[in-house]
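Heads up, run_7.cif below (mmCIF, C-alpha atoms):
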```cif
data_target
#
loop_
_atom_site.label_atom_id
_atom_site.label_comp_id
_atom_site.auth_asym_id
_atom_site.auth_seq_id
_atom_site.Cartn_x
_atom_site.Cartn_y
_atom_site.Cartn_z
CA MET A 1 6.71 29.03 33.36
CA HIS A 2 6.67 31.50 30.51
CA TYR A 3 4.03 33.59 28.79
CA TYR A 4 4.50 32.22 25.27
CA ASN A 5 3.35 28.62 24.64
CA GLU A 6 3.93 26.92 21.29
CA GLU A 7 0.54 25.23 21.53
CA ASP A 8 -1.20 28.62 21.61
CA LEU A 9 -0.41 29.20 17.93
CA ALA A 10 -2.98 26.53 16.99
CA ARG A 11 -5.49 28.20 19.35
CA PHE A 12 -5.45 31.51 17.46
CA GLY A 13 -9.01 30.90 16.26
CA GLU A 14 -10.27 31.05 19.83
CA ILE A 15 -9.88 34.83 19.65
CA GLY A 16 -12.94 34.67 17.41
CA LYS A 17 -15.13 33.41 20.25
CA SER A 18 -15.68 37.07 21.07
CA ARG A 19 -16.75 39.36 18.26
CA PRO A 20 -16.48 36.65 15.60
CA ASP A 21 -17.52 39.22 12.98
CA LEU A 22 -14.30 41.14 13.55
CA PHE A 23 -12.16 38.01 13.58
CA GLU A 24 -13.70 36.77 10.33
CA LYS A 25 -12.94 40.09 8.68
CA PHE A 26 -9.37 39.92 9.96
CA MET A 27 -8.90 36.33 8.73
CA ALA A 28 -10.33 37.08 5.29
CA TRP A 29 -7.90 39.99 4.94
CA TYR A 30 -4.97 38.04 6.43
CA GLU A 31 -5.47 35.00 4.21
CA ALA A 32 -5.98 37.10 1.08
CA CYS A 33 -2.62 38.74 1.76
CA GLN A 34 -0.85 35.33 1.62
CA GLU A 35 -1.99 34.35 -1.86
CA ASP A 36 0.02 34.56 -5.06
CA GLY A 37 -0.43 37.97 -6.63
CA ALA A 38 2.00 40.52 -8.00
CA LEU A 39 4.31 38.94 -5.44
CA SER A 40 4.72 35.17 -5.18
CA LYS A 41 3.78 33.21 -2.07
CA ARG A 42 7.47 32.66 -1.46
CA GLU A 43 8.30 36.37 -1.59
CA LYS A 44 5.41 37.09 0.74
CA ALA A 45 6.56 34.41 3.16
CA LEU A 46 10.04 36.00 3.27
CA ILE A 47 8.50 39.44 3.90
CA GLY A 48 6.31 37.86 6.59
CA LEU A 49 9.34 36.31 8.29
CA ALA A 50 11.30 39.55 8.17
CA VAL A 51 8.43 41.53 9.67
CA SER A 52 7.83 38.82 12.29
CA VAL A 53 11.41 39.13 13.51
CA VAL A 54 11.16 42.91 13.69
CA VAL A 55 7.87 42.87 15.61
CA GLN A 56 9.36 40.03 17.69
CA CYS A 57 6.26 37.84 17.61
CA PRO A 58 7.32 34.25 18.44
CA TYR A 59 4.14 32.80 16.94
CA CYS A 60 4.66 34.67 13.68
CA ILE A 61 8.35 33.70 13.55
CA ASP A 62 7.41 30.02 13.98
CA ALA A 63 4.63 30.21 11.39
CA TYR A 64 6.60 32.16 8.78
CA THR A 65 9.74 30.05 9.20
CA ASN A 66 7.63 27.06 8.19
CA SER A 67 5.92 29.05 5.42
CA CYS A 68 9.32 29.99 4.01
CA LEU A 69 10.54 26.38 4.05
CA GLU A 70 7.30 25.12 2.55
CA SER A 71 7.46 27.67 -0.24
CA GLY A 72 11.01 26.65 -1.17
CA SER A 73 13.26 29.18 0.56
CA ASN A 74 16.47 28.09 2.21
CA ILE A 75 18.07 29.24 5.44
CA GLU A 76 20.48 31.61 3.66
CA GLN A 77 17.61 33.42 1.93
CA MET A 78 15.62 33.56 5.15
CA THR A 79 18.61 34.91 7.07
CA GLU A 80 19.20 37.61 4.46
CA ALA A 81 15.57 38.70 4.76
CA MET A 82 15.86 38.86 8.55
CA HIS A 83 19.11 40.83 8.31
CA LEU A 84 17.55 43.36 5.97
CA ALA A 85 14.56 43.91 8.24
CA SER A 86 16.77 44.15 11.30
CA ALA A 87 19.13 46.56 9.54
CA ILE A 88 16.16 48.78 8.64
CA ARG A 89 15.11 48.66 12.26
CA GLY A 90 18.64 49.56 13.32
CA GLY A 91 18.73 52.37 10.78
CA ALA A 92 15.35 53.59 11.95
CA SER A 93 16.80 53.94 15.43
CA LEU A 94 20.03 55.52 14.30
CA ILE A 95 18.34 58.12 12.10
CA HIS A 96 16.79 59.45 15.31
CA GLY A 97 20.33 60.31 16.31
CA ILE A 98 19.83 63.34 14.06
CA GLN A 99 17.19 64.48 16.54
CA SER A 100 19.86 64.32 19.18
CA HIS A 101 22.32 66.17 16.98
CA ASN A 102 19.67 68.82 16.29
CA ALA A 103 18.97 69.18 20.01
CA HIS A 104 22.68 69.29 20.72
CA ASP A 105 23.29 71.94 18.11
CA LYS A 106 20.40 74.03 19.39
CA VAL A 107 21.89 74.40 22.83
CA SER A 108 25.54 74.37 21.92
CA MET A 109 27.79 77.21 20.84
CA MET B 110 29.62 8.37 3.59
CA ALA B 111 27.13 6.08 5.31
CA THR B 112 26.59 6.72 8.98
CA ASN B 113 26.14 3.94 11.49
CA LEU B 114 22.47 4.45 12.16
CA PRO B 115 20.87 1.64 14.17
CA VAL B 116 18.18 -0.46 12.50
CA ILE B 117 14.91 1.18 13.45
CA ASN B 118 12.46 -1.00 15.30
CA ILE B 119 9.53 1.26 16.08
CA LYS B 120 6.71 -0.76 17.57
CA SER B 121 4.10 1.99 17.63
CA PRO B 122 3.22 3.60 14.29
CA ALA B 123 2.64 7.33 13.86
CA GLN B 124 -0.67 8.48 15.32
CA SER B 125 -3.05 11.04 13.88
CA ALA B 126 -5.96 12.69 15.65
CA VAL B 127 -8.37 11.22 13.08
CA GLY B 128 -8.09 7.84 11.32
CA PHE B 129 -7.40 7.92 7.57
CA ASP B 130 -10.45 5.85 6.59
CA GLU B 131 -12.56 7.96 8.95
CA LYS B 132 -11.33 11.11 7.23
CA LEU B 133 -12.14 9.61 3.82
CA ALA B 134 -15.63 8.75 5.02
CA THR B 135 -16.31 12.37 5.98
CA HIS B 136 -15.81 13.17 2.29
CA ASN B 137 -17.84 10.14 1.15
CA LEU B 138 -14.70 8.54 -0.19
CA GLU B 139 -13.16 5.10 0.09
CA LEU B 140 -9.84 3.94 -1.26
CA ARG B 141 -9.97 1.10 -3.75
CA ALA B 142 -7.55 -0.05 -6.41
CA MET B 143 -8.31 0.49 -10.06
CA SER B 144 -5.77 -1.65 -11.93
CA VAL B 145 -2.18 -2.86 -11.80
CA ASP B 146 -0.21 -0.79 -14.28
CA THR B 147 3.02 -0.82 -12.29
CA LEU B 148 4.88 -3.49 -10.41
CA GLN B 149 7.05 -1.66 -7.91
CA VAL B 150 9.71 -4.10 -6.83
CA ASN B 151 11.88 -3.54 -3.78
CA VAL B 152 14.85 -5.78 -4.54
CA GLY B 153 16.44 -5.37 -1.12
CA LYS B 154 17.32 -3.08 1.76
CA LEU B 155 21.06 -3.00 1.15
CA CYS B 156 22.24 0.53 0.35
CA ASN B 157 25.58 2.33 0.23
CA GLN B 158 23.90 5.27 1.98
CA ALA B 159 21.94 5.58 5.22
CA CYS B 160 19.73 8.64 4.74
CA LYS B 161 18.16 10.16 7.82
CA HIS B 162 14.65 10.21 6.35
CA CYS B 163 14.67 6.73 4.76
CA HIS B 164 11.34 4.96 5.15
CA VAL B 165 13.02 1.66 4.23
CA ASP B 166 15.69 1.98 6.93
CA ALA B 167 18.14 0.93 4.23
CA SER B 168 21.89 0.95 4.89
CA PRO B 169 25.16 -0.91 4.19
CA LYS B 170 24.34 -3.16 7.16
CA ARG B 171 21.15 -4.58 5.71
CA THR B 172 21.28 -8.08 4.32
CA GLU B 173 17.75 -8.49 2.93
CA ILE B 174 18.19 -9.11 -0.81
CA MET B 175 15.75 -10.51 -3.37
CA THR B 176 16.88 -13.86 -4.80
CA ARG B 177 17.15 -14.78 -8.49
CA GLU B 178 14.24 -17.19 -7.99
CA THR B 179 11.93 -14.37 -6.87
CA ILE B 180 13.18 -12.17 -9.71
CA GLU B 181 12.24 -14.94 -12.15
CA GLN B 182 8.72 -14.95 -10.66
CA ILE B 183 8.50 -11.19 -11.18
CA LEU B 184 9.57 -11.53 -14.80
CA THR B 185 7.00 -14.29 -15.28
CA ALA B 186 4.27 -12.02 -13.90
CA ILE B 187 5.30 -9.11 -16.15
CA ARG B 188 5.42 -11.39 -19.18
CA GLN B 189 2.20 -13.29 -18.44
CA PHE B 190 0.04 -10.29 -17.54
CA LYS B 191 1.73 -7.70 -19.78
CA ILE B 192 2.38 -5.30 -16.88
CA PRO B 193 3.33 -2.02 -18.58
CA THR B 194 5.77 -0.63 -16.00
CA LEU B 195 8.44 -2.12 -13.75
CA ASP B 196 9.55 0.31 -11.02
CA ILE B 197 12.70 -0.95 -9.29
CA THR B 198 13.61 0.37 -5.87
CA GLY B 199 15.53 -0.60 -2.74
CA GLY B 200 17.93 0.15 -0.89
CA ALA B 201 20.21 0.81 -3.76
CA PRO B 202 18.72 -1.69 -6.22
CA GLU B 203 21.94 -1.85 -8.24
CA LEU B 204 23.59 -3.68 -5.30
CA ASN B 205 21.35 -6.70 -5.82
CA PRO B 206 23.50 -9.21 -7.79
CA SER B 207 20.52 -9.95 -10.07
CA PHE B 208 19.63 -6.29 -10.74
CA ARG B 209 21.12 -6.17 -14.23
CA TYR B 210 19.49 -9.48 -15.12
CA LEU B 211 16.10 -8.15 -14.03
CA VAL B 212 16.52 -4.96 -16.08
CA SER B 213 17.78 -6.67 -19.22
CA GLU B 214 15.08 -9.36 -19.17
CA ALA B 215 12.29 -6.84 -18.48
CA HIS B 216 13.63 -4.74 -21.35
CA LYS B 217 13.40 -7.75 -23.67
CA ILE B 218 9.78 -8.24 -22.61
CA GLY B 219 9.11 -4.61 -23.49
CA ALA B 220 8.22 -3.21 -20.08
CA LYS B 221 8.91 0.42 -19.29
CA ILE B 222 11.62 0.34 -16.62
CA LEU B 223 12.07 2.91 -13.85
CA VAL B 224 15.07 2.68 -11.53
CA ARG B 225 15.21 4.65 -8.28
CA HIS B 226 18.92 5.34 -8.47
CA ASN B 227 20.65 7.09 -5.57
CA LEU B 228 23.48 8.47 -7.79
CA THR B 229 26.36 7.71 -5.40
CA VAL B 230 26.11 3.95 -5.97
CA MET B 231 27.70 4.70 -9.34
CA PHE B 232 31.03 5.04 -7.48
CA GLU B 233 30.86 1.59 -5.88
CA ASP B 234 33.07 -1.17 -7.28
CA GLY B 235 31.77 -2.51 -10.59
CA GLN B 236 29.04 0.14 -10.95
CA GLU B 237 30.95 2.76 -12.94
CA ASP B 238 29.24 1.78 -16.20
CA LEU B 239 25.71 2.27 -14.87
CA PRO B 240 24.96 5.30 -17.12
CA ALA B 241 25.75 3.24 -20.21
CA PHE B 242 23.80 0.26 -18.85
CA PHE B 243 20.76 2.45 -18.16
CA ARG B 244 20.95 3.92 -21.65
CA LEU B 245 21.27 0.52 -23.31
CA HIS B 246 18.06 -0.67 -21.63
CA ALA B 247 16.10 2.59 -22.00
CA VAL B 248 15.80 2.90 -18.23
CA GLU B 249 14.04 5.97 -16.85
CA VAL B 250 16.26 7.18 -14.00
CA ILE B 251 14.74 8.75 -10.89
CA SER B 252 17.21 10.14 -8.38
CA SER B 253 16.84 11.86 -5.02
CA LEU B 254 18.43 15.25 -4.57
CA PRO B 255 16.70 17.01 -1.68
CA TYR B 256 18.26 20.36 -2.45
CA PHE B 257 20.57 22.07 -4.91
CA LEU B 258 22.98 23.01 -2.13
CA GLU B 259 25.52 20.84 -0.33
CA GLN B 260 24.55 21.72 3.23
CA GLN B 261 20.92 20.61 3.03
CA THR B 262 21.63 17.53 0.90
CA ASP B 263 24.43 16.23 3.09
CA ALA B 264 22.39 16.92 6.23
CA GLN B 265 19.84 14.40 5.02
CA ARG B 266 21.80 11.94 2.90
CA GLY B 267 25.22 11.92 4.54
CA SER B 268 28.48 13.80 4.36
CA GLY B 269 29.95 13.93 0.86
CA VAL B 270 26.78 12.75 -0.88
CA PHE B 271 26.08 16.07 -2.59
CA ASN B 272 29.39 16.36 -4.44
CA LYS B 273 29.27 12.72 -5.53
CA SER B 274 25.67 13.19 -6.67
CA ILE B 275 26.62 16.17 -8.84
CA GLU B 276 29.44 14.16 -10.42
CA ALA B 277 27.05 11.25 -11.05
CA LEU B 278 24.51 13.59 -12.65
CA ARG B 279 27.21 14.95 -14.96
CA ARG B 280 28.05 11.38 -16.01
CA LEU B 281 24.37 10.70 -16.71
CA ASN B 282 24.18 13.92 -18.73
CA ALA B 283 27.32 12.85 -20.62
CA VAL B 284 25.58 9.74 -21.99
CA GLY B 285 22.49 11.75 -22.85
CA TYR B 286 20.28 11.49 -19.75
CA GLY B 287 18.33 14.66 -19.15
CA VAL B 288 19.61 15.95 -22.48
CA GLU B 289 18.47 13.65 -25.30
CA LYS B 290 14.83 12.96 -25.99
CA ASP B 291 13.66 9.66 -24.44
CA LEU B 292 16.57 9.46 -21.98
CA ILE B 293 14.63 10.62 -18.95
CA LEU B 294 16.37 11.78 -15.79
CA ASN B 295 13.98 12.92 -13.07
CA LEU B 296 15.03 14.29 -9.70
CA VAL B 297 13.19 13.96 -6.40
CA TYR B 298 12.96 16.76 -3.86
CA ASN B 299 11.87 15.96 -0.35
CA PRO B 300 11.94 18.35 2.59
CA VAL B 301 15.03 18.31 4.78
CA GLY B 302 12.98 18.29 7.97
CA ALA B 303 9.48 18.22 9.44
CA PHE B 304 7.71 20.41 6.92
CA LEU B 305 5.75 19.96 3.70
CA PRO B 306 7.28 20.32 0.23
CA PRO B 307 6.84 23.56 -1.74
CA ALA B 308 4.76 23.76 -4.91
CA GLN B 309 6.39 21.33 -7.36
CA SER B 310 6.33 23.65 -10.37
CA SER B 311 7.89 26.49 -8.42
CA VAL B 312 10.74 24.48 -6.92
CA GLU B 313 11.35 22.72 -10.26
CA THR B 314 11.99 26.11 -11.85
CA ASP B 315 14.49 26.92 -9.10
CA PHE B 316 16.21 23.56 -9.39
CA LYS B 317 16.55 23.79 -13.17
CA ARG B 318 18.04 27.26 -12.97
CA GLU B 319 20.39 26.53 -10.08
CA MET B 320 21.51 23.09 -11.27
CA LYS B 321 22.37 24.53 -14.69
CA THR B 322 24.10 27.72 -13.57
CA ARG B 323 25.93 26.32 -10.55
CA TYR B 324 26.83 22.82 -11.78
CA ASP B 325 26.00 22.65 -15.51
CA VAL B 326 23.61 19.76 -14.85
CA SER B 327 20.38 19.17 -16.79
CA PHE B 328 17.39 17.00 -15.90
CA ASN B 329 13.80 16.51 -17.08
CA ASN B 330 11.38 16.85 -14.18
CA LEU B 331 11.50 17.46 -10.45
CA PHE B 332 9.14 15.41 -8.28
CA THR B 333 8.30 16.72 -4.82
CA ILE B 334 7.63 13.97 -2.29
CA THR B 335 6.35 14.36 1.25
CA ASN B 336 8.40 12.70 3.99
CA MET B 337 6.51 9.70 5.36
CA PRO B 338 6.21 9.22 9.13
CA ILE B 339 7.74 5.75 8.93
CA LYS B 340 11.00 4.18 10.20
CA ARG B 341 13.90 6.67 10.26
CA PHE B 342 11.82 9.77 9.57
CA LEU B 343 9.37 8.79 12.30
CA SER B 344 12.32 8.19 14.60
CA TYR B 345 13.58 11.70 13.76
CA LEU B 346 10.11 13.17 14.41
CA ARG B 347 10.02 11.53 17.83
CA ARG B 348 13.58 12.47 18.79
CA SER B 349 13.02 16.08 17.77
CA GLY B 350 9.58 16.40 19.41
CA ASN B 351 7.92 17.04 16.05
CA GLU B 352 5.67 13.98 15.68
CA GLU B 353 2.38 15.41 16.93
CA ARG B 354 2.81 18.66 15.06
CA TYR B 355 3.85 16.97 11.80
CA MET B 356 0.93 14.53 11.91
CA GLN B 357 -1.44 17.44 12.56
CA LYS B 358 0.13 19.32 9.65
CA LEU B 359 -0.56 16.35 7.35
CA LEU B 360 -4.12 16.06 8.65
CA ASP B 361 -4.81 19.79 8.27
CA ALA B 362 -3.49 19.66 4.70
CA PHE B 363 -5.73 16.71 3.73
CA ASN B 364 -6.93 17.28 0.18
CA PRO B 365 -9.79 15.00 -0.91
CA SER B 366 -9.12 15.69 -4.58
CA THR B 367 -5.83 13.76 -4.34
CA VAL B 368 -7.54 10.46 -3.48
CA ALA B 369 -8.56 9.55 -7.02
CA GLY B 370 -4.95 9.82 -8.22
CA LEU B 371 -3.12 8.05 -5.40
CA MET B 372 -0.43 5.69 -6.68
CA CYS B 373 -1.69 2.72 -4.66
CA ARG B 374 -4.69 2.59 -6.97
CA ASN B 375 -2.53 1.57 -9.92
CA LEU B 376 0.39 -0.40 -8.54
CA ILE B 377 1.41 -3.40 -6.52
CA SER B 378 4.49 -3.32 -4.35
CA VAL B 379 6.63 -6.44 -4.01
CA ASP B 380 9.10 -6.97 -1.17
CA TRP B 381 12.44 -8.81 -1.30
CA THR B 382 10.74 -12.08 -0.34
CA GLY B 383 8.07 -11.76 -3.05
CA ARG B 384 5.24 -10.67 -0.72
CA LEU B 385 2.70 -8.18 -2.12
CA TYR B 386 1.58 -4.83 -0.66
CA ASP B 387 -0.48 -1.81 -1.68
CA CYS B 388 2.63 0.42 -1.68
CA ASP B 389 6.26 0.57 -0.55
CA PHE B 390 5.21 2.38 2.64
CA ASN B 391 2.78 -0.37 3.63
CA GLN B 392 5.55 -2.82 2.84
CA MET B 393 7.83 -1.21 5.43
CA LEU B 394 5.03 -1.29 8.00
CA ASP B 395 4.25 -4.98 7.26
CA LEU B 396 0.72 -3.99 6.21
CA THR B 397 -0.03 -6.80 3.77
CA LEU B 398 -2.88 -6.83 1.24
CA GLU B 399 -6.39 -7.35 2.56
CA ASP B 400 -7.47 -10.92 3.27
CA GLY B 401 -8.59 -12.92 0.27
CA MET B 402 -6.12 -11.28 -2.11
CA PRO B 403 -3.11 -13.05 -3.66
CA GLN B 404 -0.32 -12.47 -1.13
CA THR B 405 2.84 -13.36 -3.07
CA ILE B 406 4.26 -12.78 -6.52
CA ALA B 407 3.88 -16.50 -7.18
CA ASP B 408 0.09 -16.02 -6.87
CA PHE B 409 0.00 -12.64 -8.66
CA ASP B 410 -3.23 -12.04 -10.54
CA PRO B 411 -4.10 -8.48 -11.59
CA ILE B 412 -7.75 -9.36 -12.15
CA LYS B 413 -8.16 -10.45 -8.55
CA LEU B 414 -6.17 -7.45 -7.32
CA ALA B 415 -8.24 -4.88 -9.22
CA ASN B 416 -10.83 -3.07 -7.11
CA ARG B 417 -9.31 -4.39 -3.86
CA ARG B 418 -9.69 -2.26 -0.74
CA ILE B 419 -6.41 -0.46 -0.01
CA VAL B 420 -5.06 -1.10 3.49
CA THR B 421 -4.49 2.27 5.20
CA ASP B 422 -3.11 3.81 8.36
CA SER B 423 -2.10 7.26 9.58
CA HIS B 424 0.93 7.45 7.26
CA CYS B 425 -1.50 7.67 4.31
CA PHE B 426 -2.09 11.32 5.23
CA GLY B 427 1.39 11.87 3.79
CA CYS B 428 0.10 11.06 0.30
CA THR B 429 -3.02 13.24 0.56
CA ALA B 430 -1.49 16.43 2.00
CA GLY B 431 -1.63 19.55 -0.14
CA SER B 432 -1.17 18.67 -3.80
CA GLY B 433 -0.63 15.04 -2.81
CA SER B 434 2.49 12.94 -2.96
CA SER B 435 3.50 9.87 -4.92
CA CYS B 436 6.62 8.25 -6.32
CA GLY B 437 5.93 10.42 -9.37
CA GLY B 438 5.60 13.67 -7.42
CA VAL B 439 2.41 15.63 -6.84
CA VAL B 440 -0.96 13.98 -7.47
CA VAL B 441 -2.90 17.10 -8.44
CA GLY B 442 -1.02 19.87 -10.21
#
```
Mind turning the file's structure into C-alpha cells?
Amino acid sequence: MHYYNEEDLARFGEIGKSRPDLFEKFMAWYEACQEDGALSKREKALIGLAVSVVVQCPYCIDAYTNSCLESGSNIEQMTEAMHLASAIRGGASLIHGIQSHNAHDKVSM
Amino acid sequence: MATNLPVINIKSPAQSAVGFDEKLATHNLELRAMSVDTLQVNVGKLCNQACKHCHVDASPKRTEIMTRETIEQILTAIRQFKIPTLDITGGAPELNPSFRYLVSEAHKIGAKILVRHNLTVMFEDGQEDLPAFFRLHAVEVISSLPYFLEQQTDAQRGSGVFNKSIEALRRLNAVGYGVEKDLILNLVYNPVGAFLPPAQSSVETDFKREMKTRYDVSFNNLFTITNMPIKRFLSYLRRSGNEERYMQKLLDAFNPSTVAGLMCRNLISVDWTGRLYDCDFNQMLDLTLEDGMPQTIADFDPIKLANRRIVTDSHCFGCTAGSGSSCGGVVVG
C-alpha cells in the first residue's frame, strides 16, 4: 500500500468535480503554457521535467518524462536538465549556509 | 548482431477501450479505399536482424520467402494495370533470391521502386554492391534509424547495428544517395519504447544536424512512424506492463483529420504467398481483405479493389494518433 498510484494521473480531471470553474481556469493556463512560443515544446518539456524532479511530484515526473521523449529529447539531455535543477536546489540550500556563518560571526569573537 | 528472439505467437490482439470503427463513427467517418497507386510487396520474413519492435517478427530464423512464380505474378499485375509504385519490404527484402530480378524487371516496366532497406544487410555475403545496384535501377531507399545515437539504436535493433548502419549510409552517400538530385535516401525514426514519435519536422532538423556533424552523413527526409501494437512490439508492451497505457495513449491521440490520408486507402499489401491485404500490419495479423474482393495477386484487379471497405482493428489507432503515421511518415503535417 502506498499513497501514490500511477492510475491516479489519468484521474486528474476528477479534481474539477468540485469548483469546476477554478479547474477550467487552471487547465486553460496549464495547457497554454505547454504550447510552442518563444520556447519550443521540447524546451518546455525539459523545464517541466527539471521542475518536476525538484518539486518531487511523481505524477509530473511520469508525465514530463513522456513529454520529453515525445518531443524528441534523449535520456542524456533529460538527465542534464534534472542535474541542473537539482544543483540549483542544492545551491539554494547551501547559500543559506551564509545565514549560519552570519549567525556564527555575530556571536563569536 | 541478431538476437535469438522466439517467434511471436500472440493469440489475443491488442485491445483498446473503444473499437476503431466505433471511433470513426463518432466522427461520421468510415474507412474506404480510394485507388491502388502502390503495391507494397513483402517478399519474405527472413532478415539478418531481429529488431525488438518488429511487427513482422522477422529474423534470421524465418524461412517464409516469396517464390519466383509469385514475383512473376506481381510483375504481371504492375505491367497490366500500370501500377505507379512498387514498395518492396520484408524482412530484409534483399535476402530473397529473386529480389534483384523483381527490381530490375519493375524498373524496365517503369514503376517507381521503393526498397525498405535495413542498411546492415549490405554487409552480408554478396550484398556489398547494393548501393550501385540501387542507383542503377533508380531505387528510392528507405532505411530505419531510430536515433542518431548508438545506445538507443542498438537497444532496439541489436548490438552493433548502429555502427554498421552509419558505415552503410556513408556507402550510399558515396554513390550519390542523399546527395545527388533524384537519388533519394529517406530515414525512418520510430520511438525506442512505448511512447509516440515527436513532431516529424522538428526531429528531422535534429537528425540532419547531428548526422552531418557527428558522422558526415546526408539524407533527404526523415519519416516518423508510430510503433504498432503487433507481434514483437505488442509482446514488449505486455512484458513491460505498458499495453493498456500505450493503447489508451493511441486512443487519446486519435486525430480524425488523418483518416483521409491513411496509406491503406491507396495501396494493396501482398504477402510472401501472394495473398492480398489492406496494409502490411493487417498482413501480419492475418486480416485479409473483406469478402468479395480479389484475395490473391493472381486475381488482382484494381477496379474491384477501389472503394473497398478497409478491414480494421485496434492497431489502426497507431496510424491515426497525433499527426498520423504511415510508411511515408506523418499523414498530416
Dump as a Markdown table the rows for residues of chain B within 9 Å of chain A: closest atom pair and distance in Å with one decimal, all atoms listed in the file counted, ordered by chain and rising residue number.
```
| residue | atom | partner | partner_atom | distance |
| --- | --- | --- | --- | --- |
| B:Gln261 | CA | A:Asn74 | CA | 8.7 |
| B:Pro300 | CA | A:Glu70 | CA | 8.2 |
| B:Phe304 | CA | A:Glu70 | CA | 6.4 |
| B:Leu305 | CA | A:Glu70 | CA | 5.5 |
| B:Pro306 | CA | A:Glu70 | CA | 5.3 |
| B:Pro307 | CA | A:Ser71 | CA | 4.4 |
| B:Ala308 | CA | A:Ser71 | CA | 6.7 |
| B:Ser311 | CA | A:Gly72 | CA | 7.9 |
| B:Val312 | CA | A:Gly72 | CA | 6.2 |
| B:Asp315 | CA | A:Gly72 | CA | 8.7 |
```
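Applied to the file shown here, the PyMOL selection byres ((chain A and resi 18-34) around 12) selects Phe12, Gly13, Glu14, Ile15, Gly16, Lys17, Glu35, Asp36, Gly37, Ala38, Leu39, Ser40, Lys41, Arg42, Glu43, Lys44, Ala45, Leu46, Ile47, Gly48, Tyr64, Ser67, Cys68 and Ser71 of chain A.
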Problem - the PyMOL selection byres ((chain B and resi 148) around 6) resolved against shown file, as a ChimeraX atom specification - result: /B:147,149,195,376-377
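When only C-alpha atoms are used to compute distances to Leu254 in chain B, the closest of the residues B:Leu223, B:Leu343, B:Met320, B:Val420 turns out to be B:Met320.
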Practice task
Using the chain letters and numbers from the file, give me the residues hit by the PyMOL selection byres ((chain B and resi 391-400) around 8), as a list in words.
Solution key: His164, Val165, Ile339, Lys340, Ser378, Val379, Asp380, Arg384, Leu385, Tyr386, Asp387, Cys388, Asp389, Phe390, Gly401, Met402, Pro403, Gln404, Arg417, Arg418, Ile419, Val420 and Thr421 of chain B
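Note that the spacing between CA of Lys154 in chain B and CA of Asn205 in chain B amounts to 9.3 Å.
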Draw an axis-aligned box over all listed atoms of range 411-427 of chain B, pad each side with 8 Å, and write its centre and edge lengths in Å, one decimal, as JSON.
```
{"center_x": -4.7, "center_y": 0.7, "center_z": -1.3, "size_x": 28.2, "size_y": 38.3, "size_z": 37.7}
```
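Between CA of Ile180 in chain B and CA of Ala407 in chain B the separation is 10.6 Å.
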Practice task
Measure the distance from CA of Glu6 in chain A to CA of Gln260 in chain B in Å and round it to one decimal.
Solution key: 27.9 Å
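Proximity of B:Arg354, B:Lys161, B:Glu139, B:Gly370 to Val301 in chain B, computed with all atoms listed in the file, is greatest for B:Lys161.
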Exercise for the section: Within 10 Å of His216 in chain B, counting all atoms listed in the file, which residues show up once you throw out same-chain ones fewer than 3 positions away? Write them as a list in words, please. Expected result: Leu195, Tyr210, Leu211, Val212, Ser213, Gly219, Ala220, Lys221, Ile222, Leu245, His246, Ala247 and Val248 of chain B
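Nearest-residue note for Ile218 in chain B: choosing from B:Ala201, B:Ile187, B:Leu133, B:Ala241, the minimum distance belongs to B:Ile187, counting only C-alpha atoms.
The residue that comes closest to Leu359 in chain B, out of B:Thr262, B:Gln124, B:Asn282, B:Gln158 and on the basis of all atoms listed in the file, is B:Gln124.
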Problem - Distance query 7 Å from (19.1, 11.3, -17.0) using all atoms listed in the file, result as a PyMOL selection string - result: chain B and resi 250+281-282+285-287+292-295+328
Problem - Shell of 9 Å around range 427-439 of chain B, all atoms listed in the file, local chain residues under 3 positions omitted, as a PyMOL selection string - result: chain B and resi 297-298+305-306+308-309+331-338+356+358-368+370-373+423-424+442
Can you spit out the residues from that selection as a PDB file, in the coordinates of the input, using C-alpha atoms?
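Result file is part_33.pdb:
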```pdb
ATOM      1  CA  VAL B 297      13.190  13.960  -6.400  1.00  0.00           C
ATOM      2  CA  TYR B 298      12.960  16.760  -3.860  1.00  0.00           C
ATOM      3  CA  LEU B 305       5.750  19.960   3.700  1.00  0.00           C
ATOM      4  CA  PRO B 306       7.280  20.320   0.230  1.00  0.00           C
ATOM      5  CA  ALA B 308       4.760  23.760  -4.910  1.00  0.00           C
ATOM      6  CA  GLN B 309       6.390  21.330  -7.360  1.00  0.00           C
ATOM      7  CA  LEU B 331      11.500  17.460 -10.450  1.00  0.00           C
ATOM      8  CA  PHE B 332       9.140  15.410  -8.280  1.00  0.00           C
ATOM      9  CA  THR B 333       8.300  16.720  -4.820  1.00  0.00           C
ATOM     10  CA  ILE B 334       7.630  13.970  -2.290  1.00  0.00           C
ATOM     11  CA  THR B 335       6.350  14.360   1.250  1.00  0.00           C
ATOM     12  CA  ASN B 336       8.400  12.700   3.990  1.00  0.00           C
ATOM     13  CA  MET B 337       6.510   9.700   5.360  1.00  0.00           C
ATOM     14  CA  PRO B 338       6.210   9.220   9.130  1.00  0.00           C
ATOM     15  CA  MET B 356       0.930  14.530  11.910  1.00  0.00           C
ATOM     16  CA  LYS B 358       0.130  19.320   9.650  1.00  0.00           C
ATOM     17  CA  LEU B 359      -0.560  16.350   7.350  1.00  0.00           C
ATOM     18  CA  LEU B 360      -4.120  16.060   8.650  1.00  0.00           C
ATOM     19  CA  ASP B 361      -4.810  19.790   8.270  1.00  0.00           C
ATOM     20  CA  ALA B 362      -3.490  19.660   4.700  1.00  0.00           C
ATOM     21  CA  PHE B 363      -5.730  16.710   3.730  1.00  0.00           C
ATOM     22  CA  ASN B 364      -6.930  17.280   0.180  1.00  0.00           C
ATOM     23  CA  PRO B 365      -9.790  15.000  -0.910  1.00  0.00           C
ATOM     24  CA  SER B 366      -9.120  15.690  -4.580  1.00  0.00           C
ATOM     25  CA  THR B 367      -5.830  13.760  -4.340  1.00  0.00           C
ATOM     26  CA  VAL B 368      -7.540  10.460  -3.480  1.00  0.00           C
ATOM     27  CA  GLY B 370      -4.950   9.820  -8.220  1.00  0.00           C
ATOM     28  CA  LEU B 371      -3.120   8.050  -5.400  1.00  0.00           C
ATOM     29  CA  MET B 372      -0.430   5.690  -6.680  1.00  0.00           C
ATOM     30  CA  CYS B 373      -1.690   2.720  -4.660  1.00  0.00           C
ATOM     31  CA  SER B 423      -2.100   7.260   9.580  1.00  0.00           C
ATOM     32  CA  HIS B 424       0.930   7.450   7.260  1.00  0.00           C
ATOM     33  CA  GLY B 442      -1.020  19.870 -10.210  1.00  0.00           C
TER      34      GLY B 442
END
```
